[in-house]
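*Asks:* Supplied structure: protein-v4.cif, mmCIF, C-alpha atoms.
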```
data_target
#
loop_
_atom_site.group_PDB
_atom_site.id
_atom_site.type_symbol
_atom_site.label_atom_id
_atom_site.label_comp_id
_atom_site.auth_asym_id
_atom_site.auth_seq_id
_atom_site.Cartn_x
_atom_site.Cartn_y
_atom_site.Cartn_z
ATOM 1 C CA MET A 9 -78.401 30.348 -80.764
ATOM 2 C CA ILE A 10 -76.727 28.057 -83.229
ATOM 3 C CA TYR A 11 -76.313 29.261 -86.791
ATOM 4 C CA CYS A 12 -76.077 27.357 -90.063
ATOM 5 C CA VAL A 13 -72.580 27.862 -91.470
ATOM 6 C CA MET A 14 -72.173 27.447 -95.196
ATOM 7 C CA LYS A 15 -68.776 26.249 -96.345
ATOM 8 C CA ARG A 16 -69.304 25.169 -99.910
ATOM 9 C CA ALA A 17 -65.977 26.553 -101.100
ATOM 10 C CA ALA A 18 -64.126 24.525 -98.494
ATOM 11 C CA ALA A 19 -66.101 21.424 -99.424
ATOM 12 C CA GLY A 20 -65.198 21.920 -103.078
ATOM 13 C CA ALA A 21 -61.517 22.257 -102.234
ATOM 14 C CA LEU A 22 -61.617 19.045 -100.230
ATOM 15 C CA LEU A 23 -63.348 17.267 -103.083
ATOM 16 C CA ALA A 24 -60.770 18.455 -105.604
ATOM 17 C CA ALA A 25 -57.958 17.257 -103.350
ATOM 18 C CA GLY A 26 -59.594 13.858 -102.971
ATOM 19 C CA LEU A 27 -60.027 13.453 -106.707
ATOM 20 C CA ALA A 28 -56.441 14.516 -107.368
ATOM 21 C CA THR A 29 -55.065 11.879 -105.015
ATOM 22 C CA GLY A 30 -57.331 9.117 -106.266
ATOM 23 C CA ALA A 31 -58.973 8.824 -102.843
ATOM 24 C CA PHE A 32 -62.301 7.723 -104.284
ATOM 25 C CA ALA A 33 -61.190 4.176 -105.173
ATOM 26 C CA PHE A 34 -62.800 3.509 -101.784
ATOM 27 C CA PRO A 35 -65.376 2.048 -100.945
ATOM 28 C CA ASP A 36 -65.130 -1.363 -102.569
ATOM 29 C CA LYS A 37 -68.252 -2.959 -101.047
ATOM 30 C CA PRO A 38 -71.674 -1.854 -99.715
ATOM 31 C CA VAL A 39 -71.591 0.546 -96.772
ATOM 32 C CA ASP A 40 -73.656 0.075 -93.605
ATOM 33 C CA TYR A 41 -75.184 3.443 -92.677
ATOM 34 C CA VAL A 42 -76.449 3.079 -89.098
ATOM 35 C CA ILE A 43 -79.156 5.455 -87.921
ATOM 36 C CA PRO A 44 -79.335 5.496 -84.083
ATOM 37 C CA PHE A 45 -83.079 6.255 -84.159
ATOM 38 C CA GLY A 46 -86.159 4.567 -85.545
ATOM 39 C CA PRO A 47 -87.316 4.995 -89.144
ATOM 40 C CA GLY A 48 -89.194 8.080 -90.293
ATOM 41 C CA GLY A 49 -87.204 10.847 -88.598
ATOM 42 C CA GLU A 50 -84.913 13.468 -90.112
ATOM 43 C CA SER A 51 -81.816 11.287 -89.786
ATOM 44 C CA ASP A 52 -83.543 8.511 -91.719
ATOM 45 C CA ILE A 53 -85.030 10.867 -94.325
ATOM 46 C CA SER A 54 -81.712 12.546 -95.106
ATOM 47 C CA ALA A 55 -79.941 9.167 -95.293
ATOM 48 C CA ARG A 56 -82.544 7.945 -97.791
ATOM 49 C CA LEU A 57 -81.987 11.073 -99.861
ATOM 50 C CA GLN A 58 -78.236 10.439 -99.822
ATOM 51 C CA GLN A 59 -78.564 6.807 -100.974
ATOM 52 C CA PRO A 60 -79.086 7.254 -104.736
ATOM 53 C CA PHE A 61 -76.413 9.961 -104.970
ATOM 54 C CA PHE A 62 -73.916 7.752 -103.152
ATOM 55 C CA LYS A 63 -74.659 4.870 -105.517
ATOM 56 C CA GLU A 64 -74.337 7.090 -108.587
ATOM 57 C CA LYS A 65 -71.069 8.707 -107.512
ATOM 58 C CA PHE A 66 -69.243 5.833 -105.827
ATOM 59 C CA GLY A 67 -70.788 2.698 -107.308
ATOM 60 C CA GLN A 68 -71.745 1.044 -104.019
ATOM 61 C CA ASP A 69 -74.971 0.724 -102.061
ATOM 62 C CA LEU A 70 -75.484 2.774 -98.919
ATOM 63 C CA VAL A 71 -77.471 0.323 -96.790
ATOM 64 C CA VAL A 72 -79.492 2.033 -94.042
ATOM 65 C CA SER A 73 -80.020 0.148 -90.783
ATOM 66 C CA TYR A 74 -81.308 1.194 -87.349
ATOM 67 C CA LYS A 75 -79.951 0.890 -83.815
ATOM 68 C CA GLU A 76 -82.438 2.890 -81.809
ATOM 69 C CA GLY A 77 -82.757 3.559 -78.096
ATOM 70 C CA GLY A 78 -81.873 6.164 -75.492
ATOM 71 C CA GLY A 79 -82.427 9.059 -77.873
ATOM 72 C CA GLY A 80 -79.485 7.840 -79.959
ATOM 73 C CA ALA A 81 -77.260 6.892 -77.011
ATOM 74 C CA VAL A 82 -77.540 3.135 -77.612
ATOM 75 C CA GLY A 83 -76.078 3.477 -81.088
ATOM 76 C CA TRP A 84 -73.408 6.016 -80.173
ATOM 77 C CA SER A 85 -72.243 3.965 -77.191
ATOM 78 C CA GLN A 86 -71.665 1.022 -79.557
ATOM 79 C CA LEU A 87 -70.137 2.941 -82.471
ATOM 80 C CA ASN A 88 -66.489 2.424 -81.603
ATOM 81 C CA GLY A 89 -67.044 -1.319 -81.303
ATOM 82 C CA LEU A 90 -68.165 -1.589 -84.937
ATOM 83 C CA SER A 91 -65.934 -2.536 -87.858
ATOM 84 C CA GLY A 92 -63.101 -0.138 -88.580
ATOM 85 C CA ASP A 93 -62.645 -1.129 -92.219
ATOM 86 C CA GLY A 94 -64.289 2.113 -93.291
ATOM 87 C CA HIS A 95 -67.501 0.523 -94.555
ATOM 88 C CA THR A 96 -69.595 1.393 -91.494
ATOM 89 C CA ILE A 97 -70.781 4.923 -90.725
ATOM 90 C CA MET A 98 -73.339 6.285 -88.252
ATOM 91 C CA GLY A 99 -75.524 9.362 -88.087
ATOM 92 C CA VAL A 100 -74.783 11.840 -85.293
ATOM 93 C CA ASN A 101 -76.916 14.668 -83.915
ATOM 94 C CA LEU A 102 -76.440 17.910 -82.035
ATOM 95 C CA PRO A 103 -77.211 18.779 -79.320
ATOM 96 C CA HIS A 104 -77.740 15.092 -78.414
ATOM 97 C CA ILE A 105 -74.084 14.007 -78.432
ATOM 98 C CA VAL A 106 -73.141 16.988 -76.246
ATOM 99 C CA LEU A 107 -75.966 17.064 -73.704
ATOM 100 C CA GLN A 108 -76.525 13.330 -73.169
ATOM 101 C CA PRO A 109 -73.062 12.577 -71.716
ATOM 102 C CA ALA A 110 -73.010 15.935 -69.917
ATOM 103 C CA GLU A 111 -76.202 15.017 -68.073
ATOM 104 C CA LYS A 112 -75.355 11.434 -67.056
ATOM 105 C CA ASP A 113 -73.399 8.291 -67.940
ATOM 106 C CA VAL A 114 -74.812 7.105 -71.279
ATOM 107 C CA GLY A 115 -71.964 4.813 -72.324
ATOM 108 C CA TYR A 116 -70.008 7.339 -74.401
ATOM 109 C CA LYS A 117 -68.414 10.790 -74.176
ATOM 110 C CA THR A 118 -68.693 13.485 -76.831
ATOM 111 C CA ASP A 119 -64.960 13.312 -77.480
ATOM 112 C CA ASP A 120 -65.165 9.522 -77.992
ATOM 113 C CA LEU A 121 -67.012 10.041 -81.276
ATOM 114 C CA VAL A 122 -65.107 10.565 -84.521
ATOM 115 C CA THR A 123 -67.380 12.914 -86.436
ATOM 116 C CA ILE A 124 -66.245 13.531 -90.000
ATOM 117 C CA TYR A 125 -68.867 15.840 -91.561
ATOM 118 C CA TRP A 126 -71.902 17.947 -90.561
ATOM 119 C CA PHE A 127 -74.201 18.331 -93.528
ATOM 120 C CA HIS A 128 -77.548 19.827 -92.525
ATOM 121 C CA PHE A 129 -79.579 21.680 -89.931
ATOM 122 C CA THR A 130 -83.284 21.619 -89.071
ATOM 123 C CA PRO A 131 -84.967 24.580 -87.339
ATOM 124 C CA ASP A 132 -87.294 23.955 -84.398
ATOM 125 C CA ALA A 133 -91.040 24.521 -84.817
ATOM 126 C CA ILE A 134 -94.226 23.972 -82.850
ATOM 127 C CA VAL A 135 -96.340 21.525 -84.852
ATOM 128 C CA VAL A 136 -99.996 20.598 -84.295
ATOM 129 C CA ARG A 137 -102.476 18.441 -86.145
ATOM 130 C CA ALA A 138 -104.364 20.257 -88.908
ATOM 131 C CA ASP A 139 -107.666 20.020 -87.003
ATOM 132 C CA SER A 140 -106.114 21.214 -83.727
ATOM 133 C CA GLU A 141 -107.903 23.858 -81.694
ATOM 134 C CA PHE A 142 -104.617 25.794 -81.818
ATOM 135 C CA LYS A 143 -104.814 27.901 -84.955
ATOM 136 C CA THR A 144 -102.123 30.355 -83.871
ATOM 137 C CA LEU A 145 -99.361 30.574 -81.289
ATOM 138 C CA ASP A 146 -101.648 32.832 -79.251
ATOM 139 C CA ASP A 147 -104.211 30.000 -79.040
ATOM 140 C CA PHE A 148 -101.453 27.648 -77.847
ATOM 141 C CA LEU A 149 -100.284 30.137 -75.215
ATOM 142 C CA LYS A 150 -103.794 30.878 -73.929
ATOM 143 C CA TYR A 151 -104.481 27.181 -73.350
ATOM 144 C CA ALA A 152 -101.106 26.677 -71.658
ATOM 145 C CA LYS A 153 -101.693 29.625 -69.316
ATOM 146 C CA ASP A 154 -105.246 28.522 -68.500
ATOM 147 C CA ASN A 155 -104.122 24.910 -67.918
ATOM 148 C CA PRO A 156 -100.655 24.921 -66.273
ATOM 149 C CA GLY A 157 -98.951 21.576 -66.989
ATOM 150 C CA GLY A 158 -101.991 20.367 -68.901
ATOM 151 C CA LEU A 159 -100.739 20.924 -72.432
ATOM 152 C CA THR A 160 -98.870 17.821 -73.575
ATOM 153 C CA ILE A 161 -96.146 18.452 -76.126
ATOM 154 C CA GLY A 162 -93.845 15.759 -77.505
ATOM 155 C CA GLY A 163 -90.252 15.862 -78.666
ATOM 156 C CA THR A 164 -87.293 13.659 -79.552
ATOM 157 C CA GLY A 165 -85.918 12.514 -76.211
ATOM 158 C CA LYS A 166 -84.414 14.323 -73.242
ATOM 159 C CA GLY A 167 -81.577 16.785 -73.764
ATOM 160 C CA SER A 168 -82.412 17.135 -77.462
ATOM 161 C CA ALA A 169 -82.915 20.285 -79.524
ATOM 162 C CA ASN A 170 -86.663 19.783 -79.030
ATOM 163 C CA HIS A 171 -86.270 19.540 -75.259
ATOM 164 C CA LEU A 172 -84.070 22.653 -75.118
ATOM 165 C CA ALA A 173 -86.638 24.536 -77.180
ATOM 166 C CA GLN A 174 -89.505 23.447 -74.902
ATOM 167 C CA VAL A 175 -87.716 24.507 -71.734
ATOM 168 C CA LYS A 176 -86.539 27.798 -73.217
ATOM 169 C CA PHE A 177 -89.900 28.737 -74.715
ATOM 170 C CA ASP A 178 -91.806 27.868 -71.531
ATOM 171 C CA GLU A 179 -89.462 30.245 -69.727
ATOM 172 C CA LEU A 180 -89.790 33.015 -72.321
ATOM 173 C CA ALA A 181 -93.579 32.756 -72.522
ATOM 174 C CA GLY A 182 -94.190 32.261 -68.810
ATOM 175 C CA ILE A 183 -95.996 28.941 -69.289
ATOM 176 C CA LYS A 184 -95.620 25.354 -68.095
ATOM 177 C CA THR A 185 -96.157 22.558 -70.614
ATOM 178 C CA ALA A 186 -95.810 18.800 -70.100
ATOM 179 C CA TYR A 187 -92.920 17.526 -72.243
ATOM 180 C CA VAL A 188 -93.239 13.919 -73.462
ATOM 181 C CA PRO A 189 -89.987 12.401 -74.843
ATOM 182 C CA PHE A 190 -90.131 9.972 -77.776
ATOM 183 C CA LYS A 191 -87.472 7.828 -79.466
ATOM 184 C CA GLY A 192 -87.384 9.914 -82.624
ATOM 185 C CA THR A 193 -89.247 12.315 -84.884
ATOM 186 C CA GLY A 194 -91.134 9.480 -86.578
ATOM 187 C CA ALA A 195 -92.536 8.299 -83.240
ATOM 188 C CA VAL A 196 -93.500 11.738 -81.959
ATOM 189 C CA THR A 197 -95.092 12.682 -85.285
ATOM 190 C CA THR A 198 -97.193 9.505 -85.201
ATOM 191 C CA ALA A 199 -98.336 10.476 -81.700
ATOM 192 C CA THR A 200 -99.183 13.976 -82.905
ATOM 193 C CA LEU A 201 -101.232 12.717 -85.834
ATOM 194 C CA GLY A 202 -102.915 10.111 -83.632
ATOM 195 C CA GLY A 203 -103.941 12.666 -81.019
ATOM 196 C CA GLN A 204 -101.932 11.087 -78.184
ATOM 197 C CA ILE A 205 -100.325 14.488 -77.552
ATOM 198 C CA MET A 206 -101.669 17.973 -78.155
ATOM 199 C CA ALA A 207 -98.626 19.425 -79.918
ATOM 200 C CA GLN A 208 -95.092 18.631 -80.989
ATOM 201 C CA TRP A 209 -91.768 20.364 -80.713
ATOM 202 C CA GLY A 210 -90.644 19.280 -84.145
ATOM 203 C CA TYR A 211 -88.791 20.741 -87.090
ATOM 204 C CA THR A 212 -89.649 22.424 -90.367
ATOM 205 C CA THR A 213 -89.038 19.007 -91.944
ATOM 206 C CA VAL A 214 -92.133 17.643 -90.191
ATOM 207 C CA GLY A 215 -94.249 20.269 -91.914
ATOM 208 C CA ALA A 216 -92.628 19.453 -95.260
ATOM 209 C CA ALA A 217 -93.183 15.708 -94.844
ATOM 210 C CA GLN A 218 -96.732 15.806 -93.442
ATOM 211 C CA GLY A 219 -98.145 18.588 -95.589
ATOM 212 C CA ASP A 220 -101.818 19.325 -94.985
ATOM 213 C CA GLN A 221 -101.986 16.910 -92.041
ATOM 214 C CA VAL A 222 -100.235 19.376 -89.750
ATOM 215 C CA ARG A 223 -99.983 23.087 -88.990
ATOM 216 C CA LEU A 224 -96.857 24.963 -87.916
ATOM 217 C CA LEU A 225 -97.528 27.674 -85.339
ATOM 218 C CA ALA A 226 -94.060 29.274 -85.375
ATOM 219 C CA VAL A 227 -90.477 28.477 -86.457
ATOM 220 C CA ALA A 228 -87.222 29.154 -84.605
ATOM 221 C CA THR A 229 -85.368 30.929 -87.406
ATOM 222 C CA GLU A 230 -84.090 34.453 -87.992
ATOM 223 C CA GLU A 231 -86.361 34.830 -91.030
ATOM 224 C CA ARG A 232 -89.425 32.917 -92.236
ATOM 225 C CA HIS A 233 -88.655 29.560 -93.831
ATOM 226 C CA PRO A 234 -89.113 29.701 -97.636
ATOM 227 C CA LEU A 235 -91.328 26.594 -97.594
ATOM 228 C CA PHE A 236 -93.634 28.185 -95.019
ATOM 229 C CA PRO A 237 -93.925 31.877 -95.893
ATOM 230 C CA ASP A 238 -97.170 32.215 -93.906
ATOM 231 C CA VAL A 239 -95.695 30.797 -90.677
ATOM 232 C CA PRO A 240 -94.253 33.491 -88.382
ATOM 233 C CA THR A 241 -90.955 33.173 -86.567
ATOM 234 C CA PHE A 242 -90.898 33.164 -82.782
ATOM 235 C CA LYS A 243 -88.709 36.239 -82.992
ATOM 236 C CA GLU A 244 -91.256 38.308 -84.910
ATOM 237 C CA LEU A 245 -93.886 37.286 -82.367
ATOM 238 C CA GLY A 246 -91.710 38.643 -79.566
ATOM 239 C CA TYR A 247 -89.843 35.555 -78.372
ATOM 240 C CA ASP A 248 -86.071 35.377 -78.836
ATOM 241 C CA LEU A 249 -85.938 31.725 -79.800
ATOM 242 C CA ILE A 250 -83.648 30.532 -82.591
ATOM 243 C CA GLY A 251 -82.442 26.939 -82.656
ATOM 244 C CA GLY A 252 -82.734 23.411 -83.929
ATOM 245 C CA ALA A 253 -80.725 20.271 -84.598
ATOM 246 C CA TRP A 254 -77.593 19.537 -86.603
ATOM 247 C CA ARG A 255 -76.937 16.198 -88.250
ATOM 248 C CA GLY A 256 -73.712 14.673 -89.425
ATOM 249 C CA ILE A 257 -71.787 11.458 -89.871
ATOM 250 C CA ALA A 258 -69.303 9.630 -87.650
ATOM 251 C CA VAL A 259 -67.078 6.580 -88.084
ATOM 252 C CA PRO A 260 -65.663 4.084 -85.556
ATOM 253 C CA SER A 261 -62.483 5.339 -83.877
ATOM 254 C CA SER A 262 -60.502 2.473 -85.436
ATOM 255 C CA VAL A 263 -61.027 3.878 -88.957
ATOM 256 C CA PRO A 264 -57.647 5.188 -90.210
ATOM 257 C CA GLU A 265 -57.092 8.923 -90.654
ATOM 258 C CA GLU A 266 -56.878 8.676 -94.435
ATOM 259 C CA GLN A 267 -60.258 6.962 -94.691
ATOM 260 C CA ARG A 268 -61.783 9.569 -92.389
ATOM 261 C CA LYS A 269 -60.659 12.242 -94.853
ATOM 262 C CA GLN A 270 -61.962 10.200 -97.788
ATOM 263 C CA TRP A 271 -65.361 9.952 -96.135
ATOM 264 C CA SER A 272 -65.386 13.692 -95.559
ATOM 265 C CA ASN A 273 -64.602 14.222 -99.247
ATOM 266 C CA MET A 274 -67.362 11.844 -100.339
ATOM 267 C CA ILE A 275 -70.013 13.500 -98.192
ATOM 268 C CA ALA A 276 -68.806 16.877 -99.476
ATOM 269 C CA GLU A 277 -69.323 15.714 -103.056
ATOM 270 C CA ILE A 278 -72.861 14.550 -102.350
ATOM 271 C CA ASN A 279 -73.639 17.758 -100.454
ATOM 272 C CA ALA A 280 -72.352 19.885 -103.336
ATOM 273 C CA ASP A 281 -74.637 18.202 -105.884
ATOM 274 C CA PRO A 282 -77.312 20.756 -106.911
ATOM 275 C CA ASP A 283 -79.986 18.067 -107.258
ATOM 276 C CA PHE A 284 -79.270 16.739 -103.785
ATOM 277 C CA ARG A 285 -79.346 20.209 -102.274
ATOM 278 C CA LYS A 286 -82.645 20.918 -103.996
ATOM 279 C CA LYS A 287 -84.234 17.736 -102.634
ATOM 280 C CA MET A 288 -82.979 18.468 -99.126
ATOM 281 C CA GLU A 289 -84.212 22.055 -99.151
ATOM 282 C CA GLU A 290 -87.591 20.966 -100.524
ATOM 283 C CA GLY A 291 -87.769 18.588 -97.573
ATOM 284 C CA GLY A 292 -87.404 21.462 -95.123
ATOM 285 C CA PHE A 293 -83.710 20.989 -94.363
ATOM 286 C CA ALA A 294 -81.147 23.805 -94.231
ATOM 287 C CA MET A 295 -77.811 22.815 -95.755
ATOM 288 C CA ALA A 296 -74.440 23.026 -94.002
ATOM 289 C CA ASP A 297 -70.881 22.020 -94.859
ATOM 290 C CA VAL A 298 -68.469 21.380 -91.995
ATOM 291 C CA PRO A 299 -65.714 18.979 -93.193
ATOM 292 C CA TYR A 300 -63.395 16.781 -91.147
ATOM 293 C CA GLU A 301 -60.481 19.237 -91.089
ATOM 294 C CA GLU A 302 -62.665 21.973 -89.588
ATOM 295 C CA GLU A 303 -65.189 20.130 -87.500
ATOM 296 C CA LYS A 304 -63.101 19.643 -84.327
ATOM 297 C CA ALA A 305 -62.821 23.388 -83.705
ATOM 298 C CA TRP A 306 -66.397 23.913 -84.910
ATOM 299 C CA LEU A 307 -67.742 21.195 -82.594
ATOM 300 C CA ALA A 308 -65.874 22.656 -79.612
ATOM 301 C CA LYS A 309 -67.735 25.950 -80.126
ATOM 302 C CA GLN A 310 -71.082 24.177 -80.463
ATOM 303 C CA LYS A 311 -70.372 22.165 -77.321
ATOM 304 C CA GLU A 312 -69.681 25.305 -75.310
ATOM 305 C CA ALA A 313 -72.843 26.992 -76.588
ATOM 306 C CA TYR A 314 -75.098 23.993 -75.956
ATOM 307 C CA ILE A 315 -73.753 23.387 -72.452
ATOM 308 C CA GLN A 316 -74.373 27.020 -71.556
ATOM 309 C CA ALA A 317 -77.888 26.892 -73.080
ATOM 310 C CA ALA A 318 -78.686 23.747 -71.108
ATOM 311 C CA LYS A 319 -77.471 25.360 -67.904
ATOM 312 C CA ASP A 320 -79.532 28.461 -68.619
ATOM 313 C CA ALA A 321 -82.562 26.240 -69.209
ATOM 314 C CA GLY A 322 -81.957 24.284 -65.982
ATOM 315 C CA ILE A 323 -81.298 20.965 -67.769
ATOM 316 C CA LEU A 324 -77.692 20.929 -66.503
ATOM 317 C CA LYS A 325 -76.272 22.298 -63.260
#
```
Could you show the structure in this file as structure tokens?

*Replies:*
Amino acid sequence: MIYCVMKRAAAGALLAAGLATGAFAFPDKPVDYVIPFGPGGESDISARLQQPFFKEKFGQDLVVSYKEGGGGAVGWSQLNGLSGDGHTIMGVNLPHIVLQPAEKDVGYKTDDLVTIYWFHFTPDAIVVRADSEFKTLDDFLKYAKDNPGGLTIGGTGKGSANHLAQVKFDELAGIKTAYVPFKGTGAVTTATLGGQIMAQWGYTTVGAAQGDQVRLLAVATEERHPLFPDVPTFKELGYDLIGGAWRGIAVPSSVPEEQRKQWSNMIAEINADPDFRKKMEEGGFAMADVPYEEEKAWLAKQKEAYIQAAKDAGILK
């Protein structure tokens, strides 16, 4: 449905331009990196991986803080009220920032947010505890068909990539599962490990982070994920399901245009670092490079695709 677009050459060109103009004299004090979810999820993990590279390259601390609630909506609704001096950034997620305001009034509109770079993608996966009775996707499906509405499966909020995947897969497989929304991946993973839910619509990153504590039943990718060569794709099992979540960075709307471009250049430099890319890929992430100059047109296409997918899934009318 949504594909990971690699634009490393463009990122390198942006970086070279930034260096040539001396753009990287900024920042001149620690940066507040606000994650609009709780700790432990993919947004938090990727921010923590960025921290040491930011410090090494730009000489300032990237200080992670949290403003959770509403599946990210609390943070995003407050973003444009934060300092516009360029030293505050916030994580953003797709499809969240498209589907939340499309579904109801959540205090912000998609076009209100100044997104400056999209840097990774995480494929959807069905995740269960290692000692789960579900050893395969067939086991999962048999239980769901024998117990309509009785299989509890968690995910990160309503209108998220997880929620879209649950609705779409239920439709494809002819089953009915009970979706339980949580505030973030950390919270839903804790519930999975604690046995409060039977399964989780998570991401490949959950499998990478939890190791032997969990089992992935299938992944929503075109080909098997290199970290999980023994886990089949939904597609090879007969279900046309490919999707997941994108993550990027936004700044308050009061941040000047030049600083927006500088931020895009800085994230591009971190993303281009081979050591950073290696750490991200080992964590189950898929890399992407959509810089500020390209992301408006790119986001418009993603918005159209997600809205149509949500309508097809019955989440939007």

*Asks:* Would you mind listing, for every residue of segment 122-148 of chain A within 9 Å of segment 269-287 of chain A, the two atoms forming the shortest contact and the distance between them in Å to one decimal, using all atoms listed in the file, sorted by chain and ascending residue number, as a Markdown table?

*Replies:*
```
| residue | atom | partner | partner_atom | distance |
| --- | --- | --- | --- | --- |
| A:Ile124 | CA | A:Ser272 | CA | 5.6 |
| A:Tyr125 | CA | A:Ser272 | CA | 5.7 |
| A:Phe127 | CA | A:Asn279 | CA | 7.0 |
```

*Asks:* Store the residues picked out above, limited to C-alpha atoms, as a compact mmCIF listing (two decimals), in the frame of the given file.

*Replies:*
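Saved result, again36.txt, follows:
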```txt
# COMPACT_ATOMS: atom_id res chain seq x y z
CA ILE A 124 -66.24 13.53 -90.00
CA TYR A 125 -68.87 15.84 -91.56
CA PHE A 127 -74.20 18.33 -93.53
```

*Asks:* Could you jot down the atom CA of Gly162 of chain A to atom CA of Lys184 of chain A separation for me, Å, one decimal place?

*Replies:* 13.6 Å

*Asks:* Could you state the separation of atom CA of Tyr247 of chain A and atom CA of Phe177 of chain A in Å, given to one decimal place?

*Replies:*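 Computing it gives 7.7 Å between the two atoms.
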
*Asks:* Go through A:Ala216, A:Gly252, A:Gly83, A:Phe148 and flag the residue nearest Gly163 of chain A, using only C-alpha atoms for the distances.

*Replies:* A:Gly252

*Asks:* Smallest atom-to-atom distance to Lys176 of chain A: which of A:Leu249, A:Ile43, A:Ile315, A:Met98, using all atoms listed in the file?

*Replies:*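 Residue with the minimum atom-to-atom distance to Lys176 of chain A: A:Leu249.
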
*Asks:* Just checking: using all atoms listed in the file, which residue out of A:Ser91, A:Thr123, A:Gln218, A:Thr193 ends up closest to Ala169 of chain A?

*Replies:*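 Closest to Ala169 of chain A, using all atoms listed in the file: A:Thr193.
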
*Asks:* Just checking: using all atoms listed in the file, which residue out of A:Arg137, A:Lys153, A:Lys65, A:Lys309 ends up closest to Thr198 of chain A?

*Replies:*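 The answer is A:Arg137, which sits nearest to Thr198 of chain A.
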
*Asks:* Report as a PyMOL selection string the full result of the PyMOL selection byres ((chain A and resi 168) around 8) when it is applied to this structure.

*Replies:* chain A and resi 102-104+107+164-167+169-172+253

*Asks:* Output C-alpha atoms of each residue in that selection to a file, as an mmCIF file, keeping the file's coordinate frame.

*Replies:*
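Contents of again19.cif, as written:
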```cif
data_model
loop_
_atom_site.group_PDB
_atom_site.id
_atom_site.type_symbol
_atom_site.label_atom_id
_atom_site.label_comp_id
_atom_site.auth_asym_id
_atom_site.auth_seq_id
_atom_site.Cartn_x
_atom_site.Cartn_y
_atom_site.Cartn_z
ATOM 1 C CA LEU A 102 -76.440 17.910 -82.035
ATOM 2 C CA PRO A 103 -77.211 18.779 -79.320
ATOM 3 C CA HIS A 104 -77.740 15.092 -78.414
ATOM 4 C CA LEU A 107 -75.966 17.064 -73.704
ATOM 5 C CA THR A 164 -87.293 13.659 -79.552
ATOM 6 C CA GLY A 165 -85.918 12.514 -76.211
ATOM 7 C CA LYS A 166 -84.414 14.323 -73.242
ATOM 8 C CA GLY A 167 -81.577 16.785 -73.764
ATOM 9 C CA ALA A 169 -82.915 20.285 -79.524
ATOM 10 C CA ASN A 170 -86.663 19.783 -79.030
ATOM 11 C CA HIS A 171 -86.270 19.540 -75.259
ATOM 12 C CA LEU A 172 -84.070 22.653 -75.118
ATOM 13 C CA ALA A 253 -80.725 20.271 -84.598
#
```

*Asks:* Within 12 Å of segment 138-147 of chain A, counting all atoms listed in the file, which residues qualify if same-chain residues fewer than 2 places away don't, as a PyMOL selection string?

*Replies:* chain A and resi 133-136+149-154+159+177+181+200-203+205-208+215+218-227+238-242+244-247

*Asks:* Atom CA of Lys75 of chain A and atom CA of Lys37 of chain A are how many Å apart?

*Replies:*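 Atom-to-atom, atom CA of Lys75 of chain A and atom CA of Lys37 of chain A are spaced 21.2 Å apart.
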
*Asks:* Please provide as a PDB file with C-alpha atoms, in the coordinates of the input all residues within 10 Å of Pro109 of chain A, with the sequence filter that same-chain residues fewer than 6 positions apart are discarded (counting only C-alpha atoms).

*Replies:*
```
ATOM      1  CA  ALA A  81     -77.260   6.892 -77.011  1.00  0.00           C
ATOM      2  CA  GLY A 115     -71.964   4.813 -72.324  1.00  0.00           C
ATOM      3  CA  TYR A 116     -70.008   7.339 -74.401  1.00  0.00           C
ATOM      4  CA  LYS A 117     -68.414  10.790 -74.176  1.00  0.00           C
ATOM      5  CA  THR A 118     -68.693  13.485 -76.831  1.00  0.00           C
ATOM      6  CA  ASP A 119     -64.960  13.312 -77.480  1.00  0.00           C
ATOM      7  CA  GLY A 167     -81.577  16.785 -73.764  1.00  0.00           C
TER       8      GLY A 167
END
```

*Asks:* Select, counting all atoms listed in the file, all protein, DNA and RNA residues no farther than 10 Å from (-74.6, 5.7, -74.0) in file coordinates, and express the selection as a ChimeraX atom specification.

*Replies:* /A:77-87,105,108-109,112-117

*Asks:* So which residues touch Val122 of chain A within 7 Å, counting all atoms listed in the file, skipping near sequence neighbours fewer than 2 positions away, as a ChimeraX atom specification?

*Replies:* /A:120,124,258-261

*Asks:* What would the selection look like, as a ChimeraX atom specification, if the PyMOL selection byres ((chain A and resi 42) around 7) were run on the coordinates I just shared?

*Replies:* /A:40-41,43-44,72-75,97-99

*Asks:* Write the residues of the preceding selection, restricted to C-alpha atoms, as a CSV table (one decimal), keeping the file's coordinate frame.

*Replies:*
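Final output, saved to part21.csv:
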```csv
chain,number,residue,atom,x,y,z
A,40,ASP,CA,-73.7,0.1,-93.6
A,41,TYR,CA,-75.2,3.4,-92.7
A,43,ILE,CA,-79.2,5.5,-87.9
A,44,PRO,CA,-79.3,5.5,-84.1
A,72,VAL,CA,-79.5,2.0,-94.0
A,73,SER,CA,-80.0,0.1,-90.8
A,74,TYR,CA,-81.3,1.2,-87.3
A,75,LYS,CA,-80.0,0.9,-83.8
A,97,ILE,CA,-70.8,4.9,-90.7
A,98,MET,CA,-73.3,6.3,-88.3
A,99,GLY,CA,-75.5,9.4,-88.1
```
